[in-house]
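Asker: Can you read through this structure? Questions will come right after.
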Amino acid sequence: MCQHHARNQAMKDANKEILKLAKFYGYILARQTKHLIFKHPNGAVLVTSKSTKDYRALRNTEREIRKQLKLSPSPIDNHAHSSW
């Protein structure tokens, strides 16, 4: 598999995971261009890049969702980074 194809596949996989995550928290995909724009029934709007290259994108998206919905932080965010 060429490097370009592998990178595109990784972005598609990340987008699928972001779509699943948003749906889990009740967001609906409102539209997409270069970004994925989700809306929540409470009026919250979530915008993520459609072509993310950041390996932390999914975690950052979940952090933003939890902040918008005023939920407690994810367990992964509660751990100190001393183990890195």
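Quick note on naming: the chains in the structure tokens go A, B, ... in the order shown, residues restart at 1 in each chain, and ligands are numbered from 1 in order of appearance.
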Taking the chain letters and numbering used in this document, name the residues of chain A that DSSP puts in helix (DSSP H, G or I), as a ChimeraX atom specification.
Answerer: /A:3-24,57-68,75-78,81-83
Asker: Write to file, as a compact mmCIF listing (two decimals), in the first residue's frame, the residues of the selection just made, with C-alpha atoms.
Answerer:
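Written file, part06.txt:
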```
# COMPACT_ATOMS: atom_id res chain seq x y z
CA GLN A 3 2.03 6.00 1.71
CA HIS A 4 -0.61 8.38 0.28
CA HIS A 5 -3.27 5.66 0.27
CA ALA A 6 -2.39 4.63 3.84
CA ARG A 7 -2.70 8.25 5.03
CA ASN A 8 -6.11 8.63 3.32
CA GLN A 9 -7.30 5.39 4.90
CA ALA A 10 -6.17 6.57 8.34
CA MET A 11 -8.13 9.82 7.89
CA LYS A 12 -11.24 7.89 6.81
CA ASP A 13 -10.91 5.61 9.84
CA ALA A 14 -10.50 8.62 12.16
CA ASN A 15 -13.58 10.26 10.62
CA LYS A 16 -15.60 7.08 11.17
CA GLU A 17 -14.57 7.02 14.82
CA ILE A 18 -15.44 10.71 15.24
CA LEU A 19 -18.84 10.08 13.63
CA LYS A 20 -19.47 7.18 16.04
CA LEU A 21 -18.36 9.24 19.02
CA ALA A 22 -20.57 12.18 18.09
CA LYS A 23 -23.56 9.90 17.56
CA PHE A 24 -22.93 8.22 20.93
CA ALA A 57 -8.04 14.11 17.27
CA LEU A 58 -10.45 11.54 18.67
CA ARG A 59 -9.44 12.21 22.27
CA ASN A 60 -9.58 15.98 21.74
CA THR A 61 -13.01 15.67 20.12
CA GLU A 62 -14.33 13.67 23.06
CA ARG A 63 -12.86 16.22 25.48
CA GLU A 64 -14.66 19.02 23.61
CA ILE A 65 -17.95 17.08 23.60
CA ARG A 66 -17.74 16.40 27.33
CA LYS A 67 -16.98 20.07 27.96
CA GLN A 68 -19.93 21.21 25.82
CA PRO A 75 -10.97 8.71 32.76
CA ILE A 76 -8.02 8.98 30.37
CA ASP A 77 -7.84 12.73 31.02
CA ASN A 78 -7.69 12.23 34.80
CA HIS A 81 1.17 12.04 32.08
CA SER A 82 4.08 10.91 34.26
CA SER A 83 3.97 7.45 32.68
```
Asker: Work out how far apart CA of Pro73 in chain A and CA of Ala30 in chain A are and give it in Å to one decimal.
Answerer: 25.4 Å
Asker: Quick one: pull the distance between CA of His40 in chain A and CA of Lys53 in chain A, Å, one decimal.
Answerer: 25.1 Å
Asker: Residues of range 39-80 of chain A in strand (DSSP E) according to DSSP, as a list in words?
Answerer: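 Those residues are Lys39, Val45, Leu46, Val47, Thr48 and Ser49 of chain A.
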Asker: So what do you get for CA of Lys50 in chain A versus CA of Lys34 in chain A, distance-wise?
Answerer: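 So the answer is 5.4 Å.
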Asker: Do you know which residues are at most 6 Å from Ser49 in chain A counting only C-alpha atoms, after dropping those on the same chain fewer than 2 positions away, and could you put them as a PyMOL selection string?
Answerer: chain A and resi 35+51-52
